[in-house]
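Below: my_file17.cif (mmCIF, C-alpha atoms)
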```
data_input
loop_
_atom_site.label_atom_id
_atom_site.label_comp_id
_atom_site.auth_asym_id
_atom_site.auth_seq_id
_atom_site.Cartn_x
_atom_site.Cartn_y
_atom_site.Cartn_z
CA MET A 2 84.39 33.33 143.18
CA GLN A 3 86.02 35.13 140.27
CA ILE A 4 83.98 37.15 137.81
CA LYS A 5 85.77 35.58 134.85
CA ASN A 6 84.72 32.10 135.96
CA ILE A 7 81.00 32.86 135.92
CA ASN A 8 79.01 31.07 133.24
CA TRP A 9 77.07 34.08 132.01
CA LEU A 10 74.84 32.07 129.68
CA GLY A 11 73.79 29.85 132.56
CA LEU A 12 73.28 32.83 134.85
CA VAL A 13 71.00 34.55 132.33
CA SER A 14 69.14 31.24 131.85
CA GLY A 15 68.56 30.81 135.57
CA LEU A 16 67.48 34.40 136.12
CA LEU A 17 65.11 34.30 133.15
CA LEU A 18 63.62 31.03 134.36
CA LEU A 19 63.25 32.58 137.80
CA ALA A 20 61.32 35.47 136.18
CA VAL A 21 59.07 33.12 134.20
CA ILE A 22 57.74 31.53 137.40
CA PRO A 23 55.99 34.54 139.01
CA LEU A 24 54.96 35.98 135.64
CA SER A 25 53.22 32.70 134.75
CA LEU A 26 51.16 32.96 137.92
CA TYR A 27 49.52 36.11 136.56
CA ALA A 28 49.53 35.47 132.82
CA PRO A 29 48.70 31.98 131.44
CA TRP A 30 50.72 30.22 128.76
CA TRP A 31 47.55 29.49 126.80
CA GLN A 32 44.02 30.82 126.99
CA LEU A 33 40.72 29.62 125.57
CA ARG A 34 37.85 32.11 125.43
CA ILE A 35 34.28 30.81 125.19
CA GLY A 36 32.46 33.72 123.58
CA ASP A 37 31.42 36.14 126.32
CA LEU A 38 30.56 33.30 128.69
CA GLY A 39 33.95 32.54 130.13
CA TYR A 40 37.54 31.48 129.66
CA ALA A 41 40.05 28.77 130.53
CA ASN A 42 43.64 29.63 131.43
CA PHE A 43 46.24 26.89 131.19
CA SER A 44 49.91 26.75 132.15
CA PRO A 45 52.06 24.24 134.03
CA LEU A 46 52.24 26.73 136.90
CA ASN A 47 48.69 28.05 137.12
CA SER A 48 45.33 27.01 135.67
CA SER A 49 42.05 28.83 136.26
CA PHE A 50 38.58 28.84 134.79
CA SER A 51 35.59 31.13 134.66
CA LEU A 52 32.06 30.43 133.38
CA LEU A 53 29.17 32.86 133.57
CA GLY A 54 31.21 35.04 135.88
CA ILE A 55 31.97 32.23 138.33
CA ALA A 56 35.66 31.47 138.81
CA PHE A 57 36.73 27.99 139.84
CA MET A 58 39.72 25.66 139.90
CA ILE A 59 40.28 21.94 139.40
CA PRO A 60 42.13 20.30 142.34
CA PHE A 61 43.94 17.78 140.12
CA LEU A 62 45.35 20.55 137.93
CA THR A 63 46.21 22.60 141.00
CA ALA A 64 48.32 19.71 142.33
CA ILE A 65 50.15 19.50 139.00
CA ASN A 66 50.71 23.27 139.01
CA VAL A 67 52.24 23.16 142.50
CA SER A 68 54.55 20.29 141.50
CA CYS A 69 55.74 22.13 138.38
CA LEU A 70 56.18 25.32 140.40
CA LEU A 71 58.50 23.56 142.84
CA LEU A 72 60.41 21.77 140.08
CA LEU A 73 61.03 24.92 138.03
CA SER A 74 61.96 26.90 141.14
CA LEU A 75 64.60 24.34 142.07
CA SER A 76 65.84 24.24 138.47
CA ALA A 77 66.27 28.03 138.42
CA VAL A 78 68.08 28.09 141.78
CA PHE A 79 70.36 25.18 140.81
CA MET A 80 71.15 26.73 137.44
CA ILE A 81 72.18 29.98 139.13
CA ALA A 82 74.21 28.11 141.76
CA TYR A 83 76.03 26.24 138.99
CA SER A 84 76.65 29.39 136.97
CA VAL A 85 78.34 31.39 139.74
CA ASN A 86 80.60 28.45 140.71
CA PRO A 87 80.96 26.34 137.54
CA LYS A 88 84.32 24.86 138.61
CA LYS A 89 83.06 23.37 141.87
CA GLU A 90 82.62 19.61 142.11
CA TYR A 91 78.89 19.93 142.81
CA SER A 92 78.25 22.34 139.91
CA LYS A 93 78.16 19.85 137.05
CA PRO A 94 75.50 17.62 138.67
CA LEU A 95 73.41 20.73 139.36
CA LEU A 96 73.61 21.71 135.69
CA TYR A 97 72.79 18.23 134.43
CA TRP A 98 69.74 18.01 136.68
CA SER A 99 68.36 21.51 136.17
CA TYR A 100 68.77 22.20 132.43
CA LYS A 101 66.37 19.47 131.25
CA ASN A 102 63.37 20.26 133.46
CA PRO A 103 62.12 23.45 131.73
CA LEU A 104 62.25 21.78 128.31
CA ALA A 105 60.55 18.62 129.61
CA ILE A 106 57.71 20.62 131.18
CA LEU A 107 57.31 22.65 128.00
CA ILE A 108 57.04 19.53 125.84
CA ILE A 109 54.61 17.82 128.22
CA PHE A 110 52.47 20.98 128.26
CA LEU A 111 52.26 21.04 124.46
CA VAL A 112 51.44 17.32 124.27
CA ALA A 113 48.70 17.75 126.90
CA LEU A 114 47.28 20.72 124.99
CA VAL A 115 47.11 18.76 121.74
CA ALA A 116 45.48 15.84 123.59
CA LEU A 117 42.90 18.22 125.08
CA SER A 118 42.07 19.64 121.66
CA GLN A 119 41.24 16.12 120.47
CA LEU A 120 39.63 14.71 123.62
CA ALA A 121 37.26 17.57 124.48
CA PRO A 122 35.40 17.53 121.13
CA PHE A 123 35.17 13.72 121.26
CA ILE A 124 33.59 13.74 124.74
CA ALA A 125 31.20 16.57 123.81
CA HIS A 126 30.06 14.69 120.72
CA GLN A 127 29.66 11.37 122.53
CA TYR A 128 27.71 12.61 125.54
CA ALA A 129 26.05 15.86 124.42
CA GLN A 130 25.89 15.51 120.63
CA ILE A 131 27.80 18.77 120.24
CA ALA A 132 30.17 18.91 117.28
CA PHE A 133 32.95 21.46 117.41
CA THR A 134 36.68 21.97 117.00
CA LEU A 135 38.78 23.14 119.90
CA PRO A 136 41.32 25.55 118.37
CA ILE A 137 44.79 25.70 119.88
CA ILE A 138 45.43 28.81 117.80
CA GLY A 139 42.61 30.65 116.08
CA THR A 140 38.82 30.64 116.31
CA SER A 141 36.06 28.12 115.70
CA ILE A 142 32.29 28.16 116.10
CA ILE A 143 30.33 25.82 118.34
CA GLN A 144 26.62 25.35 117.69
CA VAL A 145 24.54 24.52 120.76
CA PRO A 146 21.73 22.08 119.82
CA SER A 147 18.17 23.17 120.55
CA GLU A 148 17.72 20.03 122.69
CA LEU A 149 20.06 21.52 125.25
CA LEU A 150 17.96 24.68 125.31
CA GLY A 151 14.82 22.94 126.49
CA GLY A 152 13.76 21.71 123.07
CA LEU A 153 13.02 25.18 121.73
CA SER A 154 12.55 24.72 118.01
CA GLY A 155 14.17 27.20 115.70
CA VAL A 156 16.49 28.46 118.42
CA GLN A 157 20.22 28.14 117.84
CA ILE A 158 23.12 29.61 119.74
CA ASN A 159 26.54 29.96 118.18
CA LEU A 160 29.54 30.46 120.43
CA ALA A 161 33.00 31.48 119.28
CA LEU A 162 35.90 29.51 120.74
CA SER A 163 39.21 31.37 120.55
CA GLY A 164 42.52 29.81 121.54
CA ALA A 165 45.85 31.62 121.72
CA PHE A 166 49.28 31.30 123.30
CA GLN A 167 50.20 34.18 125.59
CA TRP A 168 53.51 36.02 125.85
CA THR A 169 54.60 34.04 128.93
CA PHE A 170 54.62 30.88 126.81
CA TYR A 171 57.17 32.37 124.42
CA LEU A 172 59.22 33.63 127.35
CA ALA A 173 59.26 30.07 128.71
CA ILE A 174 60.49 28.82 125.32
CA VAL A 175 63.41 31.28 125.40
CA ALA A 176 64.30 30.22 128.96
CA SER A 177 64.19 26.52 127.99
CA ILE A 178 66.41 27.11 124.94
CA LEU A 179 68.96 29.05 126.97
CA CYS A 180 69.05 26.34 129.66
CA THR A 181 69.64 23.68 127.00
CA ALA A 182 72.31 25.84 125.33
CA THR A 183 74.07 26.17 128.68
CA ARG A 184 74.38 22.39 128.86
CA ILE A 185 75.51 22.08 125.22
CA PHE A 186 78.26 24.68 125.53
CA HIS A 187 79.32 23.78 129.06
CA SER A 188 82.35 21.74 127.96
CA LYS A 189 83.43 24.53 125.58
CA ALA A 190 83.39 27.27 128.19
CA PRO A 191 86.78 28.95 128.77
CA PHE A 192 86.66 28.32 132.53
CA ILE A 193 86.51 24.52 132.07
CA GLU A 194 89.92 23.07 132.75
CA LYS A 195 91.14 20.94 129.87
CA PRO A 196 93.25 17.86 130.64
CA ALA A 197 96.91 18.56 130.28
CA THR A 198 98.78 16.95 127.42
CA ASP A 199 101.94 15.18 128.47
CA ALA A 200 104.89 16.09 126.33
CA THR A 201 107.44 13.37 125.81
CA VAL A 202 111.00 14.51 125.31
CA THR A 203 113.29 12.06 123.58
CA SER A 204 116.98 12.47 124.19
CA SER A 205 119.38 11.21 121.61
#
```
Now, as a test, write the supplied structure out as structure tokens.
Amino acid sequence: MQIKNINWLGLVSGLLLLAVIPLSLYAPWWQLRIGDLGYANFSPLNSSFSLLGIAFMIPFLTAINVSCLLLLSLSAVFMIAYSVNPKKEYSKPLLYWSYKNPLAILIIFLVALVALSQLAPFIAHQYAQIAFTLPIIGTSIIQVPSELLGGLSGVQINLALSGAFQWTFYLAIVASILCTATRIFHSKAPFIEKPATDATVTSS
């Protein structure tokens, strides 16, 4: 392996993606705070919830988190393996498989988040007559009907819902962009051997 043949952009992409994985286990990509009652942490790699001081997890989301964890880990390892040996026969397939996964997971995460912001208020209104807006970014107020408080007349509780992306989300965006850029500029890298041009010499 020669230093000059290393794809540095791909190497940085793989290392950054490798860093995103453990960091996302401790800091969520997106967090929803429910007043002082609890919170919901969401990311493709780790999702956790807390309500009234009781922490819990959802098995279905945990299964998705484990799958994404394995997929991104393989993508990071394959991207690094490609970058340190970009001229090997196996390197190009590794690049083509690994570069798209971070971006795909990022897009699916955003789509799921938008779907949640629409579905949660609909279900709450249909089954509990609670009208509210689930903010992806920003704050909204949810009014708890007195019927849910035992029918106490004149009693109303307002809860603030605050949604915000965390710094790990933006780090994941940078890693996804760099992985995609590695694929785009792969054919233009100086270590890629260009096909030789045959010169035809005509003798008179």
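The list of residues with at least one atom within 7 Å of Ala176 of chain A, based on only C-alpha atoms and without residues fewer than 5 positions apart in the same chain, reads Ser14, Leu17 and Leu18 of chain A.
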- [ ] Using the chain letters and residue numbers of this document, give as a PyMOL selection string the residues selected by the PyMOL selection byres ((chain A and resi 95-108) around 6).
- [x] chain A and resi 76+79-80+92-94+109-111+177+180-181
Task: Selection: 9 Å around segment 155-171 of chain A, all atoms listed in the file, excl. self and same-chain fewer than 3 positions, as a count of residues only - done: 35
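Across the model, the gap from atom CA of Phe57 of chain A to atom CA of Gln119 of chain A is 23.2 Å.
For the pair atom CA of Leu16 of chain A and atom CA of Asn66 of chain A, the separation is 20.3 Å.
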Find the spatial neighbours of Ala56 of chain A, counting all atoms listed in the file, within a cut-off of 10 Å - ignore same-chain residues fewer than 4 positions away - and output them as an mmCIF file with C-alpha atoms, in the coordinates of the input.
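And here's result_9.cif as it stands now:
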```
data_model
loop_
_atom_site.group_PDB
_atom_site.id
_atom_site.type_symbol
_atom_site.label_atom_id
_atom_site.label_comp_id
_atom_site.auth_asym_id
_atom_site.auth_seq_id
_atom_site.Cartn_x
_atom_site.Cartn_y
_atom_site.Cartn_z
ATOM 1 C CA GLY A 39 33.950 32.540 130.130
ATOM 2 C CA TYR A 40 37.540 31.480 129.660
ATOM 3 C CA ALA A 41 40.050 28.770 130.530
ATOM 4 C CA SER A 49 42.050 28.830 136.260
ATOM 5 C CA PHE A 50 38.580 28.840 134.790
ATOM 6 C CA SER A 51 35.590 31.130 134.660
ATOM 7 C CA LEU A 52 32.060 30.430 133.380
#
```
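The two atoms in question, atom CA of Leu114 of chain A and atom CA of Ile59 of chain A, are spaced 16.1 Å apart.
Checking A:Ser84, A:His126, A:Ala116, A:Ala121 one by one against Leu10 of chain A, counting all atoms listed in the file, you find the shortest gap at A:Ser84.
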Find the axis-aligned box for segment 6-12 of chain A, covering all its listed atoms and adding 8 Å on each side, and write its centre and edge lengths in Å to one decimal as lines of an AutoDock Vina configuration file.
```
center_x = 79.0
center_y = 32.0
center_z = 132.8
size_x = 27.4
size_y = 20.2
size_z = 22.3
```
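Using only C-alpha atoms, the nearest neighbour of Leu172 of chain A within the list A:Ser74, A:Ile22, A:Trp9, A:Phe186 is A:Ile22.
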